[in-house]
Every structure is written in structure tokens, then in C-alpha cells.
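Okay, coords.cif now, which holds mmCIF, C-alpha atoms:
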data_data
#
loop_
_atom_site.label_atom_id
_atom_site.label_comp_id
_atom_site.auth_asym_id
_atom_site.auth_seq_id
_atom_site.Cartn_x
_atom_site.Cartn_y
_atom_site.Cartn_z
CA MET A 162 -28.61 -55.56 -105.57
CA PRO A 163 -29.80 -58.80 -103.96
CA LYS A 164 -28.39 -62.03 -105.27
CA ASP A 165 -31.67 -63.76 -105.78
CA PHE A 166 -33.12 -60.88 -107.72
CA SER A 167 -34.12 -62.04 -111.15
CA VAL A 168 -35.71 -60.03 -113.85
CA SER A 169 -36.59 -63.17 -115.63
CA VAL A 170 -38.83 -64.29 -112.81
CA LEU A 171 -40.62 -61.00 -112.97
CA LEU A 172 -40.94 -61.28 -116.69
CA ILE A 173 -42.57 -64.67 -116.45
CA ALA A 174 -44.69 -63.49 -113.59
CA ALA A 175 -45.79 -60.61 -115.74
CA PHE A 176 -46.84 -62.92 -118.50
CA LEU A 177 -48.59 -65.27 -116.20
CA SER A 178 -50.27 -62.76 -114.10
CA CYS A 179 -53.69 -62.25 -115.32
CA SER A 180 -54.94 -59.47 -112.95
CA THR A 181 -57.59 -56.85 -112.07
CA VAL A 182 -59.02 -55.04 -109.12
CA ALA A 183 -61.07 -57.06 -106.73
CA SER A 184 -64.75 -56.27 -107.06
CA ALA A 185 -64.06 -54.31 -110.23
CA GLN A 186 -66.96 -53.86 -112.56
CA TYR A 187 -66.55 -54.55 -116.24
CA ASP A 188 -68.79 -52.83 -118.73
CA GLY A 189 -70.75 -55.31 -120.76
CA TYR A 190 -69.75 -58.26 -118.61
CA LYS A 191 -71.82 -60.10 -116.06
CA PRO A 192 -70.70 -62.51 -113.33
CA LEU A 193 -70.55 -66.09 -114.47
CA ALA A 194 -73.33 -68.14 -112.99
CA ASP A 195 -71.90 -71.65 -113.33
CA LEU A 196 -68.31 -71.36 -112.08
CA THR A 197 -67.93 -75.09 -111.49
CA GLY A 198 -69.07 -75.90 -115.01
CA PHE A 199 -66.72 -73.28 -116.42
CA LYS A 200 -63.74 -74.67 -114.51
CA LYS A 201 -64.42 -78.14 -115.86
CA LYS A 202 -64.91 -76.95 -119.42
CA PHE A 203 -61.85 -74.65 -119.25
CA ALA A 204 -59.66 -77.56 -118.15
CA ILE A 205 -61.04 -79.87 -120.86
CA GLU A 206 -60.72 -77.34 -123.69
CA SER A 207 -57.27 -76.15 -122.60
CA ALA A 208 -56.06 -79.74 -122.62
CA LYS A 209 -56.89 -79.90 -126.32
CA VAL A 210 -54.41 -77.15 -127.11
CA VAL A 211 -51.10 -78.75 -127.97
CA SER A 212 -49.44 -75.70 -129.47
CA ILE A 213 -50.02 -71.97 -129.98
CA THR A 214 -48.32 -69.66 -132.44
CA SER A 215 -49.30 -66.02 -132.21
CA ASP A 216 -48.29 -62.42 -132.72
CA PHE A 217 -48.68 -60.11 -129.77
CA THR A 218 -48.82 -56.43 -128.99
CA GLN A 219 -47.94 -55.11 -125.57
CA GLU A 220 -48.99 -51.71 -124.31
CA LYS A 221 -47.57 -50.39 -121.07
CA THR A 222 -49.27 -47.33 -119.58
CA LEU A 223 -47.51 -45.20 -117.00
CA THR A 224 -50.59 -43.53 -115.65
CA ALA A 225 -49.04 -40.75 -113.56
CA LEU A 226 -46.64 -39.78 -116.33
CA THR A 227 -49.20 -40.03 -119.14
CA GLU A 228 -46.75 -42.15 -121.11
CA LYS A 229 -47.43 -45.24 -123.19
CA ILE A 230 -44.98 -47.62 -124.78
CA THR A 231 -46.08 -50.21 -127.30
CA SER A 232 -44.00 -53.23 -128.23
CA SER A 233 -44.72 -56.26 -130.37
CA GLY A 234 -43.39 -59.68 -131.17
CA LYS A 235 -44.13 -63.37 -131.49
CA PHE A 236 -45.31 -66.00 -129.03
CA TRP A 237 -45.05 -69.78 -129.17
CA PHE A 238 -46.31 -72.46 -126.80
CA LYS A 239 -45.88 -76.19 -127.08
CA ARG A 240 -47.02 -78.82 -124.67
CA ASN A 241 -45.51 -79.62 -122.23
CA ASN A 242 -44.33 -76.41 -120.58
CA ARG A 243 -42.47 -74.88 -123.47
CA VAL A 244 -42.86 -71.18 -124.17
CA ARG A 245 -40.99 -68.76 -126.41
CA ILE A 246 -41.65 -65.03 -126.23
CA GLU A 247 -39.78 -62.88 -128.70
CA TYR A 248 -40.00 -59.09 -128.69
CA LEU A 249 -39.13 -57.65 -132.09
CA LYS A 250 -40.14 -53.98 -131.96
CA PRO A 251 -39.06 -51.42 -130.86
CA PHE A 252 -36.42 -53.51 -129.06
CA VAL A 253 -35.23 -57.10 -129.33
CA TYR A 254 -35.65 -59.45 -126.38
CA LEU A 255 -36.06 -63.19 -126.19
CA MET A 256 -37.27 -65.51 -123.45
CA ILE A 257 -37.54 -69.28 -123.77
CA MET A 258 -38.86 -71.60 -121.08
CA ASP A 259 -38.60 -75.36 -121.21
CA GLY A 260 -39.74 -77.02 -117.99
CA ASP A 261 -37.37 -76.02 -115.23
CA LYS A 262 -34.96 -74.31 -117.57
CA MET A 263 -35.08 -70.85 -119.00
CA LEU A 264 -33.08 -68.69 -121.37
CA VAL A 265 -33.18 -64.90 -121.54
CA ARG A 266 -31.36 -62.96 -124.23
CA ASP A 267 -31.19 -59.20 -124.69
CA ASN A 268 -28.97 -57.06 -126.88
CA GLU A 269 -26.00 -57.62 -124.65
CA LYS A 270 -26.15 -60.99 -122.96
CA GLU A 271 -27.67 -64.41 -122.75
CA ASN A 272 -28.59 -65.93 -119.38
CA LYS A 273 -29.58 -69.51 -118.68
CA ILE A 274 -31.52 -70.03 -115.49
CA ASN A 275 -32.59 -73.10 -113.55
CA VAL A 276 -36.07 -72.33 -112.29
CA LYS A 277 -35.68 -74.79 -109.40
CA SER A 278 -32.96 -72.68 -107.82
CA ASN A 279 -35.38 -69.93 -106.85
CA LYS A 280 -38.56 -70.12 -104.77
CA LEU A 281 -40.25 -67.34 -106.69
CA PHE A 282 -39.33 -69.08 -109.93
CA GLN A 283 -40.96 -72.24 -108.67
CA GLN A 284 -44.12 -70.37 -107.77
CA VAL A 285 -44.24 -68.66 -111.14
CA ASN A 286 -43.54 -71.93 -112.88
CA ARG A 287 -46.47 -73.52 -111.10
CA ILE A 288 -48.74 -70.68 -112.19
CA MET A 289 -47.58 -71.13 -115.74
CA ILE A 290 -48.36 -74.83 -115.67
CA ASP A 291 -51.78 -74.07 -114.19
CA CYS A 292 -52.46 -71.62 -117.02
CA VAL A 293 -51.36 -74.05 -119.68
CA GLN A 294 -53.21 -76.97 -118.20
CA GLY A 295 -56.39 -75.02 -117.66
CA THR A 296 -56.20 -75.42 -113.91
CA ILE A 297 -55.34 -71.82 -113.14
CA LEU A 298 -58.76 -71.44 -111.57
CA ASP A 299 -57.72 -73.97 -108.93
CA SER A 300 -54.45 -72.16 -108.23
CA LYS A 301 -53.83 -71.14 -104.63
CA ASP A 302 -51.73 -68.21 -105.87
CA PHE A 303 -54.84 -66.26 -106.89
CA THR A 304 -58.40 -65.74 -105.93
CA THR A 305 -60.40 -65.57 -109.12
CA LYS A 306 -63.69 -64.10 -110.22
CA VAL A 307 -65.11 -64.95 -113.62
CA PHE A 308 -67.30 -62.74 -115.79
CA GLU A 309 -68.59 -63.17 -119.31
CA ASP A 310 -70.10 -61.47 -122.31
CA ASP A 311 -71.22 -63.04 -125.58
CA LYS A 312 -67.72 -63.84 -126.83
CA VAL A 313 -65.32 -63.72 -123.93
CA PHE A 314 -64.76 -65.08 -120.44
CA LEU A 315 -63.06 -62.52 -118.22
CA LEU A 316 -60.97 -63.92 -115.37
CA GLU A 317 -60.14 -61.42 -112.67
CA MET A 318 -57.28 -62.80 -110.63
CA THR A 319 -56.04 -61.31 -107.38
CA PRO A 320 -52.70 -62.55 -106.06
CA VAL A 321 -52.78 -64.12 -102.62
CA SER A 322 -49.08 -64.17 -101.78
CA LYS A 323 -47.29 -61.05 -100.60
CA ALA A 324 -44.51 -61.63 -103.16
CA LEU A 325 -46.92 -61.52 -106.11
CA ARG A 326 -49.01 -58.73 -104.62
CA GLU A 327 -45.94 -56.51 -104.71
CA PHE A 328 -45.99 -56.66 -108.50
CA PHE A 329 -49.65 -57.06 -109.32
CA LYS A 330 -52.82 -55.70 -107.86
CA THR A 331 -54.79 -57.87 -110.20
CA ILE A 332 -54.46 -59.66 -113.50
CA VAL A 333 -57.31 -59.83 -115.97
CA LEU A 334 -57.32 -62.62 -118.47
CA LYS A 335 -59.70 -62.56 -121.41
CA VAL A 336 -60.44 -66.01 -122.80
CA ASP A 337 -62.08 -66.63 -126.18
CA LYS A 338 -65.32 -68.55 -125.72
CA HIS A 339 -64.84 -70.20 -129.09
CA ASP A 340 -61.62 -72.10 -128.37
CA TYR A 341 -60.78 -71.11 -124.78
CA SER A 342 -57.52 -69.49 -125.92
CA VAL A 343 -56.27 -66.31 -124.27
CA ASN A 344 -57.10 -63.08 -126.13
CA SER A 345 -55.36 -60.69 -123.75
CA ILE A 346 -53.63 -60.36 -120.42
CA GLU A 347 -53.97 -57.15 -118.44
CA MET A 348 -51.57 -56.67 -115.55
CA ASN A 349 -52.54 -53.99 -113.08
CA GLU A 350 -49.79 -52.80 -110.79
CA PRO A 351 -50.33 -51.55 -107.23
CA GLU A 352 -49.29 -47.99 -108.17
CA GLY A 353 -51.84 -47.76 -110.98
CA ASP A 354 -49.71 -48.55 -114.02
CA LYS A 355 -50.87 -51.32 -116.30
CA THR A 356 -49.68 -53.51 -119.13
CA ILE A 357 -51.96 -55.13 -121.68
CA ILE A 358 -50.69 -57.95 -123.88
CA SER A 359 -53.03 -58.72 -126.77
CA PHE A 360 -52.64 -61.81 -128.90
CA LYS A 361 -53.58 -61.76 -132.57
CA ASN A 362 -53.23 -64.12 -135.55
CA LYS A 363 -53.44 -67.04 -133.14
CA ARG A 364 -52.91 -70.43 -134.65
CA LEU A 365 -53.72 -73.39 -132.42
CA ASN A 366 -52.32 -76.89 -132.76
CA GLU A 367 -50.10 -76.17 -135.73
CA GLN A 368 -46.83 -78.03 -136.05
CA VAL A 369 -44.17 -76.21 -134.02
CA ALA A 370 -40.59 -77.47 -134.25
CA ASP A 371 -38.80 -78.35 -131.02
CA ALA A 372 -35.92 -76.17 -132.23
CA VAL A 373 -38.06 -73.11 -131.51
CA PHE A 374 -37.55 -73.83 -127.81
CA ALA A 375 -33.88 -74.76 -127.97
CA LEU A 376 -32.02 -73.33 -124.99
CA MET B 189 15.12 -67.28 -103.15
CA ASN B 190 18.16 -65.38 -104.36
CA LYS B 191 18.67 -61.69 -103.59
CA SER B 192 18.10 -60.38 -107.10
CA LEU B 193 14.77 -62.16 -107.37
CA MET B 194 13.75 -60.82 -103.97
CA ARG B 195 14.69 -57.28 -105.03
CA TYR B 196 12.76 -57.66 -108.26
CA LEU B 197 9.64 -58.83 -106.42
CA LEU B 198 9.86 -56.02 -103.88
CA PHE B 199 10.33 -53.51 -106.68
CA SER B 200 7.31 -54.90 -108.58
CA VAL B 201 5.08 -54.85 -105.50
CA SER B 202 6.20 -51.29 -104.70
CA CYS B 203 5.45 -50.18 -108.24
CA ILE B 204 1.99 -51.73 -108.14
CA PHE B 205 1.33 -50.19 -104.73
CA CYS B 206 2.47 -46.74 -105.85
CA TRP B 207 0.49 -46.99 -109.06
CA SER B 208 -2.72 -47.85 -107.20
CA CYS B 209 -2.18 -44.87 -104.88
CA ALA B 210 -1.50 -42.43 -107.68
CA SER B 211 -4.16 -39.82 -108.27
CA ASP B 212 -6.16 -40.14 -111.48
CA TYR B 213 -6.06 -36.38 -111.69
CA ARG B 214 -2.38 -35.84 -110.90
CA TYR B 215 -1.59 -34.30 -114.28
CA MET B 216 -4.41 -31.76 -114.13
CA GLU B 217 -3.48 -28.12 -114.54
CA ALA B 218 -5.83 -25.35 -113.49
CA VAL B 219 -6.76 -22.97 -116.31
CA GLU B 220 -9.10 -20.05 -116.77
CA THR B 221 -12.72 -21.05 -117.26
CA ASN B 222 -14.01 -20.66 -120.78
CA THR B 223 -17.62 -19.62 -120.25
CA ASP B 224 -18.38 -19.81 -123.97
CA CYS B 225 -17.41 -23.47 -123.95
CA ILE B 226 -19.64 -24.09 -120.93
CA SER B 227 -22.58 -22.42 -122.65
CA LYS B 228 -21.98 -24.51 -125.76
CA LEU B 229 -21.49 -27.98 -124.27
CA VAL B 230 -22.77 -28.10 -120.70
CA PRO B 231 -24.98 -31.21 -120.42
CA ASN B 232 -27.69 -29.77 -118.20
CA GLN B 233 -30.79 -30.50 -120.26
CA PHE B 234 -32.34 -33.89 -121.05
CA ASN B 235 -35.27 -34.47 -123.39
CA THR B 236 -37.88 -37.13 -122.72
CA SER B 237 -36.47 -40.38 -124.09
CA TRP B 238 -36.99 -44.15 -123.96
CA TYR B 239 -33.97 -46.42 -123.61
CA HIS B 240 -33.35 -50.12 -123.68
CA ALA B 241 -31.31 -50.60 -120.54
CA SER B 242 -28.96 -53.24 -119.24
CA VAL B 243 -27.38 -53.26 -115.83
CA ASP B 244 -24.48 -55.45 -114.76
CA VAL B 245 -23.80 -55.57 -111.05
CA VAL B 246 -21.23 -57.87 -109.47
CA GLY B 247 -21.80 -60.58 -112.04
CA LYS B 248 -25.59 -60.21 -112.23
CA HIS B 249 -27.21 -58.97 -115.42
CA ILE B 250 -30.65 -57.43 -115.76
CA SER B 251 -32.26 -55.60 -118.64
CA GLY B 252 -35.39 -53.60 -119.25
CA LEU B 253 -36.79 -50.32 -120.50
CA LEU B 254 -35.88 -46.96 -119.03
CA LEU B 255 -37.98 -43.84 -119.44
CA ILE B 256 -36.44 -40.46 -118.73
CA LYS B 257 -39.34 -38.03 -118.65
CA ASN B 258 -38.85 -34.29 -118.67
CA MET B 259 -41.78 -33.00 -116.63
CA PRO B 260 -43.52 -29.65 -117.21
CA ASP B 261 -41.97 -28.21 -114.02
CA SER B 262 -38.47 -29.09 -115.34
CA SER B 263 -38.11 -31.97 -112.91
CA TYR B 264 -37.36 -35.46 -114.22
CA ARG B 265 -38.90 -38.86 -113.64
CA VAL B 266 -36.78 -41.94 -114.28
CA VAL B 267 -38.75 -45.18 -114.57
CA PHE B 268 -37.21 -48.61 -115.08
CA THR B 269 -39.42 -51.55 -116.05
CA ASN B 270 -38.68 -55.01 -117.33
CA GLU B 271 -39.48 -55.80 -120.95
CA ALA B 272 -42.87 -57.20 -119.99
CA GLY B 273 -43.81 -53.97 -118.28
CA VAL B 274 -43.34 -54.62 -114.57
CA THR B 275 -42.00 -51.50 -112.86
CA PHE B 276 -38.76 -51.90 -110.89
CA PHE B 277 -38.34 -48.32 -109.79
CA ASP B 278 -39.72 -44.83 -110.38
CA PHE B 279 -37.54 -41.94 -109.18
CA GLY B 280 -38.15 -38.19 -109.22
CA PHE B 281 -35.39 -35.55 -109.52
CA THR B 282 -36.03 -31.83 -109.21
CA ARG B 283 -33.99 -28.88 -110.43
CA GLU B 284 -33.17 -28.09 -106.80
CA ARG B 285 -31.55 -31.53 -106.45
CA SER B 286 -34.24 -33.03 -104.26
CA PHE B 287 -34.92 -36.68 -104.87
CA LYS B 288 -38.01 -38.82 -104.36
CA VAL B 289 -38.66 -42.54 -104.64
CA TYR B 290 -42.15 -42.88 -106.08
CA ASN B 291 -41.97 -46.64 -106.39
CA ILE B 292 -39.41 -49.39 -105.97
CA ILE B 293 -39.69 -53.14 -105.68
CA LYS B 294 -38.67 -54.75 -102.42
CA GLN B 295 -35.64 -56.45 -103.94
CA LEU B 296 -34.13 -53.08 -104.82
CA ASP B 297 -35.34 -51.15 -101.81
CA LYS B 298 -31.97 -50.92 -100.04
CA LYS B 299 -30.33 -47.63 -99.08
CA PRO B 300 -26.97 -48.28 -100.82
CA VAL B 301 -28.75 -49.35 -104.02
CA ILE B 302 -31.00 -46.30 -104.07
CA GLN B 303 -28.14 -43.91 -103.26
CA THR B 304 -25.99 -45.39 -106.02
CA LEU B 305 -28.78 -45.17 -108.58
CA GLN B 306 -29.62 -41.64 -107.45
CA LYS B 307 -26.06 -40.42 -107.99
CA ASP B 308 -25.75 -42.28 -111.28
CA PHE B 309 -28.88 -40.76 -112.75
CA GLU B 310 -28.12 -37.30 -111.37
CA LEU B 311 -24.89 -37.44 -113.35
CA ILE B 312 -26.58 -38.77 -116.50
CA LEU B 313 -29.22 -36.04 -116.25
CA GLY B 314 -26.48 -33.45 -115.79
CA LEU B 315 -27.99 -32.16 -112.54
CA PRO B 316 -24.58 -31.34 -110.96
CA PHE B 317 -24.03 -28.88 -113.81
CA ARG B 318 -27.20 -26.86 -113.37
CA GLY B 319 -26.26 -23.42 -112.09
CA ALA B 320 -22.86 -24.69 -111.05
CA THR B 321 -19.66 -22.76 -110.35
CA TYR B 322 -16.75 -24.32 -112.19
CA GLN B 323 -13.10 -24.95 -111.60
CA THR B 324 -11.47 -25.69 -114.93
CA TYR B 325 -8.46 -27.90 -115.64
CA THR B 326 -6.67 -29.36 -118.61
CA MET B 327 -5.20 -32.83 -118.84
CA LYS B 328 -4.14 -34.89 -121.85
CA GLU B 329 -5.66 -32.65 -124.51
CA GLU B 330 -8.96 -32.43 -122.67
CA VAL B 331 -10.68 -29.77 -120.60
CA PHE B 332 -12.29 -30.72 -117.29
CA PHE B 333 -15.10 -28.46 -116.07
CA GLY B 334 -15.44 -29.39 -112.39
CA ALA B 335 -18.54 -28.66 -110.30
CA LYS B 336 -17.99 -29.24 -106.58
CA GLN B 337 -20.47 -31.58 -104.93
CA LYS B 338 -20.82 -32.47 -101.24
CA LYS B 339 -17.93 -34.94 -101.15
CA GLU B 340 -17.00 -35.23 -104.79
CA ILE B 341 -16.44 -33.30 -107.96
CA ALA B 342 -18.59 -33.78 -111.05
CA TYR B 343 -16.82 -33.07 -114.32
CA PHE B 344 -18.00 -32.63 -117.85
CA ILE B 345 -15.04 -33.14 -120.10
CA THR B 346 -14.60 -31.61 -123.53
CA SER B 347 -12.00 -31.69 -126.27
CA LYS B 348 -9.34 -29.00 -125.88
CA ASP B 349 -10.80 -26.95 -128.74
CA CYS B 350 -14.30 -27.22 -127.23
CA ALA B 351 -15.52 -28.95 -130.37
CA SER B 352 -17.23 -31.81 -128.54
CA LEU B 353 -18.33 -33.19 -125.19
CA ARG B 354 -16.21 -36.25 -124.44
CA ARG B 355 -17.70 -37.70 -121.25
CA LEU B 356 -18.94 -36.99 -117.73
CA GLU B 357 -17.16 -38.05 -114.61
CA LEU B 358 -17.63 -38.17 -110.84
CA GLY B 359 -14.58 -38.41 -108.65
CA SER B 360 -12.99 -37.57 -105.36
CA SER B 361 -10.08 -35.15 -105.35
CA ARG B 362 -7.80 -38.05 -106.26
CA LYS B 363 -9.85 -40.90 -107.66
CA ARG B 364 -12.19 -41.32 -110.56
CA LYS B 365 -15.36 -43.07 -109.35
CA VAL B 366 -17.87 -43.01 -112.20
CA THR B 367 -17.63 -42.21 -115.89
CA VAL B 368 -20.47 -41.61 -118.33
CA HIS B 369 -19.46 -42.23 -121.95
CA LEU B 370 -21.68 -40.97 -124.76
CA LYS B 371 -22.02 -42.24 -128.31
CA GLY B 372 -23.89 -40.93 -131.33
CA GLN B 373 -26.16 -37.95 -130.84
CA GLN B 374 -25.37 -36.10 -127.63
CA TYR B 375 -27.36 -34.05 -125.13
CA PRO B 376 -30.22 -33.30 -124.78
CA ALA B 377 -31.10 -36.81 -126.04
CA PRO B 378 -27.97 -39.00 -126.16
CA ASP B 379 -28.20 -42.07 -128.41
CA LYS B 380 -26.05 -44.31 -126.25
CA ILE B 381 -24.99 -43.89 -122.64
CA GLU B 382 -22.49 -46.13 -120.91
CA LEU B 383 -22.00 -45.56 -117.18
CA VAL B 384 -19.07 -47.33 -115.52
CA HIS B 385 -18.23 -47.55 -111.81
CA TYR B 386 -14.59 -47.87 -110.82
CA THR B 387 -14.95 -48.51 -107.09
CA PHE B 388 -17.05 -51.65 -107.59
CA ASN B 389 -18.18 -53.77 -110.49
CA MET B 390 -21.22 -52.05 -111.97
CA GLN B 391 -22.10 -50.83 -115.44
CA ILE B 392 -25.27 -49.34 -116.93
CA ASN B 393 -25.80 -49.28 -120.70
CA LEU B 394 -28.64 -47.30 -122.26
CA THR B 395 -29.59 -47.37 -125.94
CA ARG B 396 -32.24 -44.91 -127.06
CA PHE B 397 -35.15 -46.07 -129.20
CA GLU B 398 -38.06 -44.30 -130.81
CA LYS B 399 -41.56 -45.25 -129.69
CA GLU B 400 -43.72 -46.96 -132.30
#

Would you write out, as C-alpha cells, the structure that this file holds?
Amino acid sequence: MPKDFSVSVLLIAAFLSCSTVASAQYDGYKPLADLTGFKKKFAIESAKVVSITSDFTQEKTLTALTEKITSSGKFWFKRNNRVRIEYLKPFVYLMIMDGDKMLVRDNEKENKINVKSNKLFQQVNRIMIDCVQGTILDSKDFTTKVFEDDKVFLLEMTPVSKALREFFKTIVLKVDKHDYSVNSIEMNEPEGDKTIISFKNKRLNEQVADAVFAL
Amino acid sequence: MNKSLMRYLLFSVSCIFCWSCASDYRYMEAVETNTDCISKLVPNQFNTSWYHASVDVVGKHISGLLLIKNMPDSSYRVVFTNEAGVTFFDFGFTRERSFKVYNIIKQLDKKPVIQTLQKDFELILGLPFRGATYQTYTMKEEVFFGAKQKKEIAYFITSKDCASLRRLELGSSRKRKVTVHLKGQQYPAPDKIELVHYTFNMQINLTRFEKE
């Protein structure tokens, strides 16, 4: 197994990748007319979000095997660059990111990782920052198309780099028009499998203790 | 260095050397095969199950979810993803022992890695024991049912009274290479599986969970 292989990188990449198929059509959605205006507004509104506390449900579909696995847990974000993702059911798994540092804990072990030590980590970290700062639409890691319906902006992101394309065909991000927070992330893999992470009970800008992100 | 110390050191080194050369199976005694025991405990069937998996390889630790899917044609698919859902590999195993890589990420796409994982999961799935011819041995209050493979022997090991399946093992004629320990409920849907390699530092731990 290669030395630089890191599941954690993939995990973050999975969370950050907001993908879909290029030129895909989305029922009920139409292409966004004013992309420039949206980019500006997205950056401004995202900047207002200082913290997020949310529950999430994740559904992984193995298309060829007609199998689905659903997991759930809690998500925290706090500016700047601090994220905690905690799976609670049906397994326990924790990931905390704080700038260049990261902690991953499963049933058996705890790993601390310096993001700077790995090129892929750095790339993923940059994507994360772009997402948080509302500048993901300017990211060179993806080409993005934006669609909308009455309540949601749909961002279809196609990875540019070969490294990311290996994991994701596209990532589709659904953004709430009301507060520009993310409703769901759909990761579409090259072989046809997909994972949808849906956020619910979102609470924006509540007090979140620094201890939540302690490494 | 005085002579007695020199003798002691030489003796110690010789003992260590001899010990490392000694066969793991040197105390085995061939016995008649108990076909009733084989019928009762042979681990040659695996039900579709989800596992939380952790893999430790030469100091590196990764974890994720492992699906073992029993397909309608009696073949198996083994899919390993990380917790967030990204697929690392998807392997297919048929009854006839053919093997197919449906999907694997570049970082794992190396022949030695694939071959190791193939053998490991063949043993976990009990494929060496499907339709096998057995040589049976006893050693230390246990019964070893050995199925000859190309270069190795796959054993399923039971208690002497055939009350329970103790573990699975893959070895050469002299050396134990891989052991599969089982805890809790056993085949066809083991609760916990611990696979240990003895020729290099690798361990796979699987803990079964029920889907929500």
C-alpha cells in the first residue's frame, strides 16, 4: 500500500466534492442567468456564516449491487477553517480539521495528520477553504455550472484535475436560497455509485465552543 | 570476552535460529477425516453483510466500510469504501475461484496489493473449502482440515470434539502465513473477523453492523 495513501484525504475530498455529470439535466431546475451576480452574492452571504451546527444523513448507493447504506451524525463548522464531522450511526467515526491539522478517529485508532505534508491534502484543503469562503465558484479544481429553482441553487461541479477525477465524476451541491447554506452534497463516482449527504436541523451562527475542534 | 560468555551467546543465537526455522506444523499428526465434522463446521457460505473495517499495513492505518454481497449466482462482491462513501475497491469472486477487479483506486492498484487482498478475502469467504478434498491432522487439542491450494494449504481448524470452529489459516507446508480469528456469531455471518499476516505486518479487522 503506498505510503502517501491517506483515507483522510479522500474523506475530506468526499465532503468537499460537490459533483454531477457535465451537461446533466435537472428536473425542475433551469440554468442560472446571472452567474456573475450569483458568485458575488454567494461570496458575500457565505462570509456572514461564522458557524454551522447541523445533523446529517448520508446515503451511499452501490448501483450495480443494488445496495444502499445510510449513516448519520453531526456536523460543526467554525470560522476559520474548523470542521468536525462525527458519524454516530450505524458506526462511530470522527474527523476534525483545524487549518493544516487534522484528526481522524475510528473504533480502533486515532491519527493526527499535517495537511501540508501531502499535495492532495493541500489541494483538498484549498477546496474546503473555497467552499467555506464562498469562493468555490472561482476554484480552478472544478468547472461549475449553476442551476436554480424557487428555493435552491444547484451547483454542478466537475473536477479538473486527474487526481480528483479518479474519485468523482461530478459533485452536486444544493444551496439554500434563503441563507446560502448547503442543503446537500451529492458525490457521483466514475463507476456510477453515488453518495448523498443531506444536512438537517441547521443552525447558523450559534455559539460553538473551540473545544469542539480540539485535536 | 570470556569463553563461558561466548558459549552462552553462541548457544542463544543457535536456539533463536533453530526456533525460527522450526515448522509451525511440526507436531501435526495425520488422522482420518471426519466428514460429519466437515459438514457441520465447514466455513464455505457467507451471507451478505456490512462491516466496519480497519486495515493496518506496515504502520499505516485506514478504516472504512466493507460490504460482502452474496450475489444471486452464488458469487461474491467485496466492496470497500471510506466512511464518507468513496469506493476504494470492488472485487468479484466466483464459486469457480475466478477473480475480477471491478474497481480500484490508483493508490491501491498494484499487483502485490491486489494479490494479497484477493487471497485474504478468499480465505475469509471460505472459498478454498468449497468442494475441497481434505487432509486431516490433529495438533494441540485441535483438528486441522487442510485443503491443498496451488502453493499453500488452507485450513479450517476446529476443537477436537468438533463443537466449534476455532479459526482459519493459510500456510506453507512448514509456516503459518495468515490466520483468520472469529468472534461472536460464526459463519455464515461472523460478527467479528480478525485477519493477521505473519510474513509481513498487516492486519484486517472487521466488525459487522446492521444497516439502519

_Give me, as a ChimeraX atom specification, all polymer residues having an atom no more than 10 Å from Ser251 of chain B, counting all atoms listed in the file and skipping those fewer than 6 positions away in the same chain._
/A:168-169,254,265-270 /B:240-244,268-271,392-394

_Given the PyMOL selection byres ((chain B) within 7 of (chain A)), the residues it picks as a VMD selection string_ = chain B and resid 250 270 272 to 274 295 to 296 301 397 399 to 400

*Applied to this file, what does the PyMOL selection byres ((chain A and resi 203) around 12) return in terms of residues, put as a PyMOL selection string?*
chain A and resi 196-202+204-210+291-299+307+314+316+336-343

*atom CA of Tyr190 of chain A and atom CA of Lys335 of chain A, how far apart in Å?*
11.3 Å

*Just how far from atom CA of Lys312 of chain A is atom CA of Ile246 of chain A, in Å to one decimal?*
26.1 Å

*asked:* If I take atom CA of Phe360 of chain A and atom CA of Glu317 of chain A, how far is one from the other in Å, to one decimal?
replied: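 Atom CA of Phe360 of chain A sits 17.9 Å away from atom CA of Glu317 of chain A.
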
*Please evaluate the PyMOL selection byres ((chain B and resi 218) around 7) against the displayed coordinates and give the resulting residues as a list of chain:residue names.*
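Applied to this file, the PyMOL selection byres ((chain B and resi 218) around 7) returns B:Met216, B:Glu217, B:Val219, B:Thr324, B:Tyr325, B:Thr326.
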
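Among the candidates B:Tyr375, B:Phe332, B:Tyr322, B:Phe344, the residue lying nearest to Tyr215 of chain B is B:Phe332 (atoms considered: all atoms listed in the file).
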
Quick test: take segment 353-364 of chain B, keep N, CA and C atoms, and write it as a tab-separated table (two decimals), in the first residue's frame.
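Dumped everything to part25.tsv:
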chain	number	residue	atom	x	y	z
B	353	LEU	N	-15.89	-24.06	15.48
B	353	LEU	CA	-14.85	-23.65	14.54
B	353	LEU	C	-13.93	-22.67	15.27
B	354	ARG	N	-12.64	-22.95	15.29
B	354	ARG	CA	-11.72	-22.08	16.04
B	354	ARG	C	-11.18	-20.94	15.19
B	355	ARG	N	-10.67	-21.25	14.01
B	355	ARG	CA	-10.09	-20.22	13.15
B	355	ARG	C	-9.81	-20.82	11.77
B	356	LEU	N	-9.40	-19.95	10.85
B	356	LEU	CA	-8.96	-20.38	9.52
B	356	LEU	C	-7.49	-20.03	9.39
B	357	GLU	N	-6.80	-20.76	8.54
B	357	GLU	CA	-5.38	-20.48	8.43
B	357	GLU	C	-4.91	-20.79	7.02
B	358	LEU	N	-3.91	-20.03	6.56
B	358	LEU	CA	-3.26	-20.31	5.28
B	358	LEU	C	-1.78	-20.43	5.57
B	359	GLY	N	-1.18	-21.53	5.11
B	359	GLY	CA	0.23	-21.71	5.39
B	359	GLY	C	0.92	-22.53	4.32
B	360	SER	N	2.24	-22.48	4.35
B	360	SER	CA	3.01	-23.38	3.50
B	360	SER	C	3.07	-24.72	4.25
B	361	SER	N	3.86	-25.64	3.75
B	361	SER	CA	3.94	-26.93	4.44
B	361	SER	C	4.58	-26.77	5.82
B	362	ARG	N	5.35	-25.69	6.00
B	362	ARG	CA	6.05	-25.51	7.27
B	362	ARG	C	5.59	-24.28	8.06
B	363	LYS	N	5.20	-23.24	7.34
B	363	LYS	CA	4.99	-21.96	8.02
B	363	LYS	C	3.55	-21.45	7.92
B	364	ARG	N	3.08	-20.96	9.02
B	364	ARG	CA	1.78	-20.31	9.05
B	364	ARG	C	1.96	-18.93	8.42
